>>> print(open('protein.tsv').read())   # TSV, C-alpha atoms and all ligand atoms
chain	number	residue	atom	x	y	z
A	814	PRO	CA	65.86	-203.23	19.15
A	815	ARG	CA	67.99	-201.48	16.49
A	816	GLN	CA	71.59	-202.61	16.56
A	817	ASP	CA	72.92	-199.03	16.62
A	818	GLY	CA	76.59	-199.05	15.71
A	819	PHE	CA	76.63	-202.80	15.17
A	820	ARG	CA	77.31	-204.08	11.64
A	821	MET	CA	77.57	-207.56	10.16
A	822	PRO	CA	81.22	-208.08	9.15
A	823	GLY	CA	82.14	-209.64	5.82
A	824	GLU	CA	83.20	-213.30	5.82
A	825	HIS	CA	86.69	-212.15	4.78
A	826	GLU	CA	87.12	-210.36	8.14
A	827	PRO	CA	88.87	-212.05	11.11
A	828	GLN	CA	86.98	-214.94	12.72
A	829	ALA	CA	87.26	-216.39	16.25
A	830	ALA	CA	85.41	-219.64	15.58
A	831	VAL	CA	83.30	-221.58	13.08
A	832	TRP	CA	80.28	-223.59	14.21
A	833	MET	CA	78.86	-226.73	12.57
A	834	ALA	CA	76.15	-229.24	13.51
A	835	TRP	CA	76.62	-233.01	13.25
A	836	PRO	CA	74.34	-234.71	10.63
A	837	GLU	CA	72.14	-237.62	11.64
A	838	ARG	CA	68.60	-237.03	10.34
A	839	THR	CA	67.83	-240.11	8.24
A	840	ASP	CA	65.27	-238.43	5.96
A	841	ASN	CA	67.91	-235.92	4.84
A	842	TRP	CA	71.19	-237.85	5.12
A	843	ARG	CA	71.39	-241.23	3.43
A	844	PHE	CA	72.52	-244.47	5.08
A	845	GLY	CA	71.91	-243.20	8.61
A	846	GLY	CA	74.01	-240.10	7.98
A	847	LYS	CA	77.28	-242.06	7.93
A	848	PRO	CA	78.63	-240.80	4.58
A	849	ALA	CA	77.65	-237.23	5.53
A	850	GLN	CA	79.37	-237.58	8.92
A	851	THR	CA	82.60	-238.61	7.20
A	852	THR	CA	82.34	-235.54	4.97
A	853	PHE	CA	81.56	-233.22	7.90
A	854	VAL	CA	84.73	-234.51	9.59
A	855	LYS	CA	86.78	-233.59	6.51
A	856	VAL	CA	85.20	-230.10	6.37
A	857	ALA	CA	85.82	-229.57	10.10
A	858	GLU	CA	89.45	-230.73	9.74
A	859	ALA	CA	90.03	-228.33	6.83
A	860	ILE	CA	88.48	-225.33	8.60
A	861	SER	CA	90.32	-226.07	11.85
A	862	GLN	CA	93.64	-225.48	10.05
A	863	SER	CA	92.66	-221.78	10.14
A	864	THR	CA	89.91	-221.34	12.71
A	865	PRO	CA	88.76	-223.25	15.83
A	866	VAL	CA	85.69	-225.40	15.09
A	867	ASN	CA	82.80	-226.07	17.49
A	868	MET	CA	80.61	-229.00	16.46
A	869	VAL	CA	77.09	-229.16	17.85
A	870	VAL	CA	76.02	-232.76	18.39
A	871	SER	CA	73.07	-234.61	19.96
A	872	ALA	CA	73.53	-236.60	23.17
A	873	GLN	CA	72.87	-239.77	21.17
A	874	GLN	CA	75.65	-239.12	18.66
A	875	PHE	CA	78.14	-237.61	21.11
A	876	GLU	CA	80.37	-240.67	21.52
A	877	ASN	CA	80.40	-241.47	17.81
A	878	ALA	CA	81.17	-237.87	16.84
A	879	ARG	CA	83.91	-237.69	19.48
A	880	GLN	CA	85.58	-240.79	17.97
A	881	MET	CA	85.25	-239.60	14.38
A	882	LEU	CA	86.39	-236.00	14.92
A	883	PRO	CA	89.96	-234.89	15.69
A	884	ASP	CA	90.54	-233.88	19.31
A	885	HIS	CA	91.00	-230.18	18.46
A	886	VAL	CA	87.39	-229.95	17.24
A	887	ARG	CA	85.30	-229.11	20.30
A	888	LEU	CA	81.96	-230.88	20.74
A	889	VAL	CA	78.97	-229.03	22.20
A	890	GLU	CA	75.88	-231.05	23.05
A	891	MET	CA	72.81	-229.19	21.82
A	892	SER	CA	69.42	-230.16	20.42
A	893	THR	CA	68.80	-229.51	16.72
A	894	ASP	CA	66.37	-230.70	14.06
A	895	ASP	CA	69.07	-230.88	11.34
A	896	SER	CA	72.58	-229.64	10.53
A	897	TRP	CA	72.35	-226.36	8.60
A	898	MET	CA	74.30	-224.06	10.91
A	899	ARG	CA	74.39	-221.23	8.32
A	900	ASP	CA	70.61	-221.00	8.61
A	901	ILE	CA	69.97	-221.85	12.27
A	902	GLY	CA	73.04	-220.15	13.78
A	903	PRO	CA	73.35	-216.46	14.69
A	904	SER	CA	74.30	-213.75	12.21
A	905	TYR	CA	76.92	-211.94	14.28
A	906	VAL	CA	77.28	-208.15	14.34
A	907	VAL	CA	80.20	-206.14	15.78
A	908	ASP	CA	80.73	-202.54	16.88
A	909	LYS	CA	83.79	-200.30	16.71
A	910	ASP	CA	84.71	-200.95	20.36
A	911	GLY	CA	85.26	-204.68	19.97
A	912	HIS	CA	81.84	-205.84	21.13
A	913	ARG	CA	79.88	-208.56	19.31
A	914	ARG	CA	76.36	-209.94	19.57
A	915	GLY	CA	74.20	-212.33	17.58
A	916	VAL	CA	71.10	-211.58	15.54
A	917	ASP	CA	68.69	-214.44	16.15
A	918	TRP	CA	66.35	-214.68	13.13
A	919	HIS	CA	63.11	-216.62	13.25
A	920	PHE	CA	63.62	-219.97	11.53
A	921	ASN	CA	60.81	-222.03	9.92
A	922	ALA	CA	62.66	-224.83	8.08
A	923	TRP	CA	62.79	-222.90	4.76
A	924	GLY	CA	59.07	-222.29	4.43
A	925	GLY	CA	57.17	-223.49	7.46
A	926	LEU	CA	53.79	-225.10	6.74
A	927	VAL	CA	53.75	-223.56	3.23
A	928	ASP	CA	56.73	-225.36	1.67
A	929	GLY	CA	59.03	-226.09	4.59
A	930	LEU	CA	61.42	-229.05	4.44
A	931	TYR	CA	60.53	-230.62	7.80
A	932	PHE	CA	58.31	-230.25	10.85
A	933	PRO	CA	58.84	-229.37	13.65
A	934	TRP	CA	61.78	-226.92	13.62
A	935	ASP	CA	61.65	-225.55	17.14
A	936	LYS	CA	65.01	-226.99	18.21
A	937	ASP	CA	66.69	-225.39	15.18
A	938	ASP	CA	64.98	-222.09	15.98
A	939	ALA	CA	66.61	-222.12	19.44
A	940	VAL	CA	70.19	-222.72	18.25
A	941	ALA	CA	71.26	-219.12	17.52
A	942	GLN	CA	70.63	-217.97	21.10
A	943	LYS	CA	72.44	-221.05	22.48
A	944	VAL	CA	75.53	-220.44	20.31
A	945	CYS	CA	75.67	-216.85	21.58
A	946	GLU	CA	75.14	-218.09	25.13
A	947	PHE	CA	78.15	-220.40	24.73
A	948	HIS	CA	80.34	-217.38	23.90
A	949	GLY	CA	78.77	-215.21	26.59
A	950	ASP	CA	77.45	-212.91	23.87
A	951	ALA	CA	74.06	-211.20	23.84
A	952	SER	CA	71.60	-212.19	21.15
A	953	TYR	CA	68.68	-210.25	19.72
A	954	ARG	CA	65.54	-211.83	18.29
A	955	ALA	CA	64.84	-210.17	14.93
A	956	PRO	CA	61.21	-209.74	13.89
A	957	ILE	CA	61.40	-211.69	10.62
A	958	VAL	CA	61.89	-215.24	9.35
A	959	LEU	CA	65.30	-215.37	7.63
A	960	GLU	CA	68.04	-217.93	7.04
A	961	GLY	CA	71.70	-216.86	7.11
A	962	GLY	CA	72.28	-218.57	3.75
A	963	SER	CA	69.82	-216.16	2.13
A	964	ILE	CA	72.04	-213.09	2.69
A	965	HIS	CA	75.64	-212.11	1.92
A	966	VAL	CA	77.22	-208.87	3.15
A	967	ASP	CA	80.45	-207.11	2.19
A	968	GLY	CA	80.97	-205.62	5.69
A	969	GLU	CA	80.83	-202.10	4.19
A	970	GLY	CA	77.08	-201.56	4.05
A	971	THR	CA	76.02	-203.74	1.13
A	972	LEU	CA	73.77	-206.78	1.44
A	973	TYR	CA	73.09	-209.21	-1.43
A	974	THR	CA	69.98	-211.40	-1.44
A	975	THR	CA	67.40	-212.97	-3.76
A	976	GLU	CA	63.79	-211.90	-4.18
A	977	GLU	CA	62.93	-215.55	-4.74
A	978	CYS	CA	63.74	-216.33	-1.12
A	979	LEU	CA	63.32	-213.18	0.97
A	980	LEU	CA	60.05	-212.22	-0.71
A	981	HIS	CA	58.72	-215.80	-0.79
A	982	PRO	CA	55.24	-216.01	0.76
A	983	SER	CA	56.46	-218.87	2.97
A	984	ARG	CA	58.76	-216.54	4.95
A	985	ASN	CA	57.15	-213.13	5.82
A	986	PRO	CA	53.89	-212.90	3.86
A	987	ASP	CA	52.63	-209.85	5.77
A	988	LEU	CA	55.75	-207.75	5.17
A	989	SER	CA	56.57	-205.70	2.09
A	990	LYS	CA	59.97	-205.57	0.41
A	991	GLU	CA	60.50	-202.21	2.13
A	992	ASP	CA	59.55	-203.65	5.55
A	993	ILE	CA	62.12	-206.43	5.12
A	994	GLU	CA	64.77	-203.97	3.94
A	995	GLN	CA	64.13	-201.84	7.03
A	996	VAL	CA	64.75	-204.83	9.32
A	997	LEU	CA	68.04	-205.52	7.50
A	998	TYR	CA	69.05	-201.85	7.86
A	999	ASP	CA	68.09	-201.88	11.57
A	1000	TYR	CA	69.64	-205.19	12.59
A	1001	LEU	CA	72.75	-205.41	10.38
A	1002	SER	CA	73.43	-201.70	9.76
A	1003	VAL	CA	73.52	-202.29	6.01
A	1004	GLU	CA	72.81	-199.22	3.87
A	1005	LYS	CA	71.94	-200.85	0.54
A	1006	VAL	CA	70.23	-204.13	-0.36
A	1007	ILE	CA	70.93	-205.55	-3.83
A	1008	TRP	CA	68.00	-207.74	-4.84
A	1009	ILE	CA	68.85	-210.52	-7.30
A	1010	PRO	CA	65.67	-212.00	-8.81
A	1011	SER	CA	66.28	-215.76	-8.46
A	1012	GLY	CA	68.74	-218.16	-6.90
A	1013	LEU	CA	70.09	-221.45	-8.26
A	1014	TYR	CA	67.71	-223.60	-10.30
A	1015	ASN	CA	65.83	-226.23	-8.25
A	1016	ASP	CA	67.26	-225.08	-4.92
A	1017	GLU	CA	64.92	-226.35	-2.16
A	1018	THR	CA	65.67	-223.30	0.00
A	1019	ASN	CA	63.80	-221.11	-2.52
A	1020	GLY	CA	67.01	-219.82	-4.04
A	1021	HIS	CA	69.42	-218.91	-1.24
A	1022	VAL	CA	71.89	-216.29	-2.42
A	1023	ASP	CA	74.82	-218.31	-0.95
A	1024	ASN	CA	74.22	-220.96	-3.59
A	1025	LEU	CA	74.41	-218.44	-6.44
A	1026	ILE	CA	77.06	-215.86	-5.50
A	1027	HIS	CA	79.74	-215.17	-2.90
A	1028	VAL	CA	81.35	-211.88	-1.89
A	1029	VAL	CA	85.09	-211.99	-2.67
A	1030	ARG	CA	85.77	-208.55	-1.18
A	1031	PRO	CA	83.81	-205.30	-1.10
A	1032	GLY	CA	82.81	-204.46	-4.68
A	1033	GLU	CA	83.68	-207.91	-6.05
A	1034	VAL	CA	81.57	-211.09	-6.26
A	1035	VAL	CA	81.64	-214.53	-7.90
A	1036	LEU	CA	78.53	-215.67	-9.76
A	1037	THR	CA	77.55	-219.20	-10.78
A	1038	TRP	CA	77.55	-219.16	-14.58
A	1039	CYS	CA	76.09	-221.46	-17.25
A	1040	ASP	CA	76.74	-221.22	-20.99
A	1041	ASP	CA	74.19	-223.84	-22.08
A	1042	GLU	CA	71.19	-221.85	-23.30
A	1043	ASN	CA	69.03	-224.97	-22.92
A	1044	ASP	CA	69.77	-225.13	-19.20
A	1045	PRO	CA	67.32	-223.36	-16.82
A	1046	GLN	CA	70.34	-221.81	-15.07
A	1047	TYR	CA	71.27	-219.89	-18.26
A	1048	ASP	CA	68.59	-217.20	-17.85
A	1049	ILE	CA	68.76	-217.13	-14.05
A	1050	SER	CA	72.48	-216.30	-14.05
A	1051	ARG	CA	72.06	-213.70	-16.82
A	1052	GLN	CA	69.29	-211.97	-14.84
A	1053	ALA	CA	71.61	-211.92	-11.82
A	1054	LEU	CA	74.49	-210.53	-13.92
A	1055	ASP	CA	72.25	-207.80	-15.29
A	1056	VAL	CA	71.33	-206.65	-11.76
A	1057	LEU	CA	74.92	-206.87	-10.49
A	1058	GLU	CA	76.27	-204.91	-13.46
A	1059	THR	CA	73.64	-202.17	-13.41
A	1060	GLN	CA	73.60	-201.51	-9.65
A	1061	THR	CA	76.27	-199.90	-7.48
A	1062	ASP	CA	77.03	-200.98	-3.93
A	1063	ALA	CA	76.60	-199.02	-0.67
A	1064	LYS	CA	79.87	-197.15	-1.33
A	1065	GLY	CA	78.81	-196.29	-4.89
A	1066	ARG	CA	81.17	-198.86	-6.45
A	1067	LYS	CA	80.44	-200.72	-9.68
A	1068	ILE	CA	80.40	-204.42	-8.83
A	1069	LYS	CA	83.08	-206.60	-10.42
A	1070	VAL	CA	81.61	-210.01	-11.27
A	1071	HIS	CA	83.76	-213.12	-11.70
A	1072	LYS	CA	82.02	-216.10	-13.33
A	1073	LEU	CA	82.26	-219.49	-11.61
A	1074	PRO	CA	81.35	-222.46	-13.84
A	1075	MET	CA	78.21	-224.34	-12.81
A	1076	PRO	CA	79.05	-227.99	-12.07
A	1077	GLY	CA	77.36	-230.76	-14.05
A	1078	PRO	CA	74.39	-230.44	-14.17
A	1079	LEU	CA	74.29	-233.00	-11.37
A	1080	PHE	CA	71.55	-235.50	-10.61
A	1081	ILE	CA	70.81	-237.80	-7.67
A	1082	SER	CA	71.40	-241.46	-8.49
A	1083	GLU	CA	69.18	-244.47	-7.74
A	1084	ASN	CA	71.66	-245.69	-5.14
A	1085	GLU	CA	71.92	-242.29	-3.46
A	1086	ALA	CA	68.14	-241.83	-3.31
A	1087	SER	CA	67.61	-245.35	-2.00
A	1088	GLY	CA	69.46	-244.69	1.25
A	1089	VAL	CA	67.20	-241.89	2.50
A	1090	ASP	CA	64.11	-242.38	4.66
A	1091	VAL	CA	60.85	-241.13	3.17
A	1092	SER	CA	60.20	-237.48	4.01
A	1093	HIS	CA	57.15	-235.24	3.61
A	1094	GLY	CA	59.17	-232.12	2.83
A	1095	MET	CA	62.26	-233.11	0.87
A	1096	GLU	CA	62.41	-234.65	-2.60
A	1097	ARG	CA	65.13	-237.30	-2.86
A	1098	THR	CA	63.97	-239.12	-5.98
A	1099	PRO	CA	66.33	-240.72	-8.53
A	1100	GLY	CA	67.11	-238.32	-11.37
A	1101	GLU	CA	66.26	-235.21	-9.31
A	1102	ARG	CA	68.45	-232.25	-10.32
A	1103	LEU	CA	70.82	-231.29	-7.50
A	1104	ALA	CA	71.43	-227.62	-6.62
A	1105	GLY	CA	75.20	-227.86	-7.06
A	1106	SER	CA	77.27	-224.66	-6.90
A	1107	TYR	CA	80.93	-223.83	-6.42
A	1108	ALA	CA	79.90	-220.49	-4.89
A	1109	ASN	CA	78.83	-222.35	-1.74
A	1110	TYR	CA	82.30	-222.14	-0.12
A	1111	LEU	CA	83.47	-220.78	3.24
A	1112	VAL	CA	85.99	-217.98	3.67
A	1113	THR	CA	87.63	-218.47	7.07
A	1114	ASN	CA	90.63	-216.37	8.07
A	1115	ASP	CA	93.46	-217.31	5.67
A	1116	GLN	CA	91.63	-220.20	3.98
A	1117	ILE	CA	88.95	-220.89	1.39
A	1118	VAL	CA	87.21	-224.25	1.93
A	1119	TYR	CA	85.30	-225.07	-1.27
A	1120	PRO	CA	83.20	-228.00	-2.51
A	1121	LEU	CA	84.62	-230.56	-4.97
A	1122	LEU	CA	81.60	-231.37	-7.15
A	1123	ASP	CA	82.62	-232.18	-10.72
A	1124	ASP	CA	85.81	-233.97	-11.76
A	1125	ASN	CA	85.87	-231.96	-15.01
A	1126	LEU	CA	85.76	-228.56	-13.30
A	1127	ASP	CA	87.20	-228.87	-9.77
A	1128	ALA	CA	90.77	-228.00	-10.83
A	1129	GLU	CA	89.61	-225.00	-12.90
A	1130	VAL	CA	87.66	-223.69	-9.91
A	1131	GLU	CA	90.69	-224.14	-7.65
A	1132	ASP	CA	92.75	-222.03	-10.06
A	1133	LEU	CA	90.04	-219.37	-10.15
A	1134	LEU	CA	89.86	-219.21	-6.35
A	1135	ASN	CA	93.65	-219.05	-6.08
A	1136	ASP	CA	93.61	-216.07	-8.48
A	1137	LEU	CA	90.76	-214.36	-6.59
A	1138	TYR	CA	92.21	-214.90	-3.13
A	1139	PRO	CA	95.98	-214.29	-3.31
A	1140	GLY	CA	97.74	-215.41	-0.13
A	1141	TYR	CA	94.89	-217.70	0.96
A	1142	LYS	CA	95.11	-221.47	1.30
A	1143	VAL	CA	92.47	-222.98	-1.03
A	1144	THR	CA	91.20	-226.37	0.17
A	1145	GLY	CA	88.73	-228.55	-1.75
A	1146	VAL	CA	86.61	-231.12	0.08
A	1147	ASP	CA	84.52	-233.77	-1.70
A	1148	ALA	CA	81.09	-232.34	-0.97
A	1149	ARG	CA	78.74	-234.73	-2.81
A	1150	GLU	CA	77.21	-235.98	0.45
A	1151	ILE	CA	76.42	-232.43	1.59
A	1152	LEU	CA	74.90	-231.66	-1.80
A	1153	LEU	CA	72.67	-234.75	-1.50
A	1154	GLY	CA	71.33	-233.12	1.70
A	1155	GLY	CA	70.35	-229.99	-0.24
A	1156	GLY	CA	73.19	-227.56	0.44
A	1157	ASN	CA	76.95	-227.24	0.67
A	1158	ILE	CA	79.96	-226.12	2.70
A	1159	HIS	CA	78.76	-222.55	3.28
A	1160	CYS	CA	75.35	-223.86	4.41
A	1161	ILE	CA	76.79	-226.16	7.10
A	1162	THR	CA	79.06	-223.51	8.69
A	1163	GLN	CA	78.61	-220.29	10.66
A	1164	GLN	CA	81.45	-217.95	11.61
A	1165	VAL	CA	81.86	-215.94	14.85
A	1166	PRO	CA	83.78	-212.68	14.26
A	1167	TYR	CA	87.04	-212.08	16.10
A	1168	VAL	CA	86.82	-208.99	18.31
B	1201	LIG	N1	67.65	-229.91	3.28
B	1201	LIG	C1	67.94	-228.55	3.72
B	1201	LIG	C2	68.90	-227.81	2.80
B	1201	LIG	C3	69.30	-226.47	3.41
B	1201	LIG	C4	70.38	-225.73	2.62
B	1201	LIG	C5	70.87	-224.58	3.42
B	1201	LIG	C6	71.51	-223.45	2.64
B	1201	LIG	N2	71.98	-222.41	3.31
B	1201	LIG	O1	71.52	-223.47	1.43
>>> encode(input="protein.tsv", output="structure tokens", more="lines below")
Ligand SMILES: NCCCCCC(N)=O
Amino acid sequence: PRQDGFRMPGEHEPQAAVWMAWPERTDNWRFGGKPAQTTFVKVAEAISQSTPVNMVVSAQQFENARQMLPDHVRLVEMSTDDSWMRDIGPSYVVDKDGHRRGVDWHFNAWGGLVDGLYFPWDKDDAVAQKVCEFHGDASYRAPIVLEGGSIHVDGEGTLYTTEECLLHPSRNPDLSKEDIEQVLYDYLSVEKVIWIPSGLYNDETNGHVDNLIHVVRPGEVVLTWCDDENDPQYDISRQALDVLETQTDAKGRKIKVHKLPMPGPLFISENEASGVDVSHGMERTPGERLAGSYANYLVTNDQIVYPLLDDNLDAEVEDLLNDLYPGYKVTGVDAREILLGGGNIHCITQQVPYV
């Protein structure tokens, strides 16, 4: 049903909790998921300085996760297929009277039987409703396949996404661009969708927008930028800039674009690839180009938690984020292990709005 009066708040708005899901899938996380688990602990510890963290974990990993995580991180036993809470969790909407509910998108592991990353994905597809159930919030099944990492909103009617992902035949092949826009209008109360042609080069999610841009505040975004005209990212980022600079947002504002340097380029090493079980959906071969992006950070209450990816650029990015987010705490976490799994800090987190 339409979410009349319910809108998806921006990530910069107050949050009650952030959800994550404990990594253990050995065909996505190398060496039995141990390095990734250590990284997830660091991300959870950083976020929990600003917002309570709930960590979904399997029964099998419960004891280990309990030992590795600080006591103030709450564990919730729940079945999943993998750990991408941005994509399998609910996209929360709120109304003016302090009510909230979750939009529960269909999930098909980033492409289903066309170019999905694993099979099956039914446990992941059930997570959004269970997260809402935990909070005693209603959830609404939306009539399209969509991952939360493929959309960014400003909370004031504008939604940013990529055509590469939302119009990919592996998601909703029977729906037109207009049909998909209508669902976004109906379920998130957005008034304008800004369609960026492609996402980050070689991103296995088919170019999720959260790996290319982030919304700093209404009317202002960061964009992953590359100045090497021989790099495939060069044209992709210029196409995105062209769209962002020629469109206006839902409130008629010109969009201010801040360039974030692209890390690397980064490639998976022999050692890193060797620790992953063989998989039919995910490429983890030595020399594979990694979809690294500093835009894949989480805004959570008074803190920015961003990925440390490239020794030559991390400090510059921290300065940029400090300039863009005055008054926020800016925390970097070494995110190489998350990147090896195909995403980053924004992809492994999902916020619940404070109402
Ligand atoms: N291997 C799966 C990678 C999923 C990345 C998720 C995201 N929101 O970018």
>>> closest_residue(input="protein.tsv", among="A:Thr1113, A:Gln880, A:Thr839, A:Ser1011", to="Val1029 of chain A", atoms="only C-alpha atoms")
A:Thr1113
>>> closest_residue(input="protein.tsv", among="A:Thr971, A:Asn1043, A:Ser863, A:Asn985", to="Lys1142 of chain A", atoms="only C-alpha atoms")
A:Ser863
>>> closest_residue(input="protein.tsv", among="A:Ile1158, A:Val889, A:Val1006, A:Val907", to="ligand LIG 1201 (chain B)", atoms="only C-alpha atoms and all ligand atoms")
A:Ile1158
>>> axis_aligned_box(input="protein.tsv", around="ligand LIG 1201 (chain B)", padding_each_side="3 Å", output="lines of an AutoDock Vina configuration file")
center_x = 69.8
center_y = -226.2
center_z = 2.6
size_x = 10.3
size_y = 13.5
size_z = 8.3
>>> residues_near_point(input="protein.tsv", point="(80.9, -207.5, 10.4)", cutoff="9 Å", atoms="all atoms listed in the file", output="ChimeraX atom specification")
/A:819-824,826,905-908,966-969,1001,1166
>>> residues_near_point(input="protein.tsv", point="(64.0, -217.0, 15.9)", cutoff="9 Å", atoms="all atoms listed in the file", output="short mmCIF file (atom, residue, chain, number, x, y, z; two decimals) with C-alpha atoms, keeping the file's coordinate frame")
data_model
loop_
_atom_site.label_atom_id
_atom_site.label_comp_id
_atom_site.auth_asym_id
_atom_site.auth_seq_id
_atom_site.Cartn_x
_atom_site.Cartn_y
_atom_site.Cartn_z
CA ILE A 901 69.97 -221.85 12.27
CA VAL A 916 71.10 -211.58 15.54
CA ASP A 917 68.69 -214.44 16.15
CA TRP A 918 66.35 -214.68 13.13
CA HIS A 919 63.11 -216.62 13.25
CA PHE A 920 63.62 -219.97 11.53
CA ASN A 921 60.81 -222.03 9.92
CA ASP A 935 61.65 -225.55 17.14
CA ASP A 937 66.69 -225.39 15.18
CA ASP A 938 64.98 -222.09 15.98
CA ALA A 939 66.61 -222.12 19.44
CA VAL A 940 70.19 -222.72 18.25
CA ALA A 941 71.26 -219.12 17.52
CA GLN A 942 70.63 -217.97 21.10
CA ARG A 954 65.54 -211.83 18.29
CA ALA A 955 64.84 -210.17 14.93
CA PRO A 956 61.21 -209.74 13.89
CA ILE A 957 61.40 -211.69 10.62
CA VAL A 958 61.89 -215.24 9.35
CA LEU A 959 65.30 -215.37 7.63
#
>>> closest_atom_pairs(input="protein.tsv", of="chain A", to="ligand LIG 1201 (chain B)", cutoff="8 Å", atoms="all atoms listed in the file", output="Markdown table")
| residue | atom | partner | partner_atom | distance |
| --- | --- | --- | --- | --- |
| A:Asn841 | CA | B:LIG1201 | N1 | 6.2 |
| A:Trp897 | CA | B:LIG1201 | C5 | 5.7 |
| A:Arg899 | CA | B:LIG1201 | N2 | 5.7 |
| A:Asp900 | CA | B:LIG1201 | N2 | 5.7 |
| A:Ala922 | CA | B:LIG1201 | C1 | 7.8 |
| A:Trp923 | CA | B:LIG1201 | C3 | 7.5 |
| A:Leu930 | CA | B:LIG1201 | N1 | 6.4 |
| A:Glu960 | CA | B:LIG1201 | N2 | 7.0 |
| A:Gly961 | CA | B:LIG1201 | N2 | 6.7 |
| A:Gly962 | CA | B:LIG1201 | N2 | 3.9 |
| A:Ser963 | CA | B:LIG1201 | N2 | 6.7 |
| A:Asp1016 | CA | B:LIG1201 | O1 | 7.8 |
| A:Glu1017 | CA | B:LIG1201 | C2 | 6.5 |
| A:Thr1018 | CA | B:LIG1201 | C3 | 5.9 |
| A:Gly1020 | CA | B:LIG1201 | O1 | 8.0 |
| A:His1021 | CA | B:LIG1201 | O1 | 5.7 |
| A:Asp1023 | CA | B:LIG1201 | N2 | 6.6 |
| A:Asn1024 | CA | B:LIG1201 | O1 | 6.2 |
| A:Met1095 | CA | B:LIG1201 | N1 | 6.7 |
| A:Gly1154 | CA | B:LIG1201 | N1 | 5.1 |
| A:Gly1155 | CA | B:LIG1201 | C2 | 4.0 |
| A:Gly1156 | CA | B:LIG1201 | C4 | 4.0 |
| A:Asn1157 | CA | B:LIG1201 | O1 | 6.7 |
| A:His1159 | CA | B:LIG1201 | N2 | 6.8 |
| A:Cys1160 | CA | B:LIG1201 | N2 | 3.8 |
| A:Ile1161 | CA | B:LIG1201 | C5 | 7.1 |
>>> closest_residue(input="protein.tsv", among="A:Ile1009, A:Ala857, A:Ala834, A:Ile964", to="Thr1144 of chain A", atoms="all atoms listed in the file")
A:Ala857
>>> closest_residue(input="protein.tsv", among="A:Leu1152, A:Val1034, A:Leu972, A:Arg838", to="Tyr998 of chain A", atoms="only C-alpha atoms")
A:Leu972
>>> atom_distance(input="protein.tsv", atom1="atom CA of Ala849 of chain A", atom2="atom CA of Glu837 of chain A")
8.2 Å
>>> closest_residue(input="protein.tsv", among="A:Gly970, A:His948, A:Gln850, A:Arg1030", to="Tyr1000 of chain A", atoms="all atoms listed in the file")
A:Gly970
>>> atom_distance(input="protein.tsv", atom1="atom CA of Asp1124 of chain A", atom2="atom CA of Asp1136 of chain A")
19.8 Å
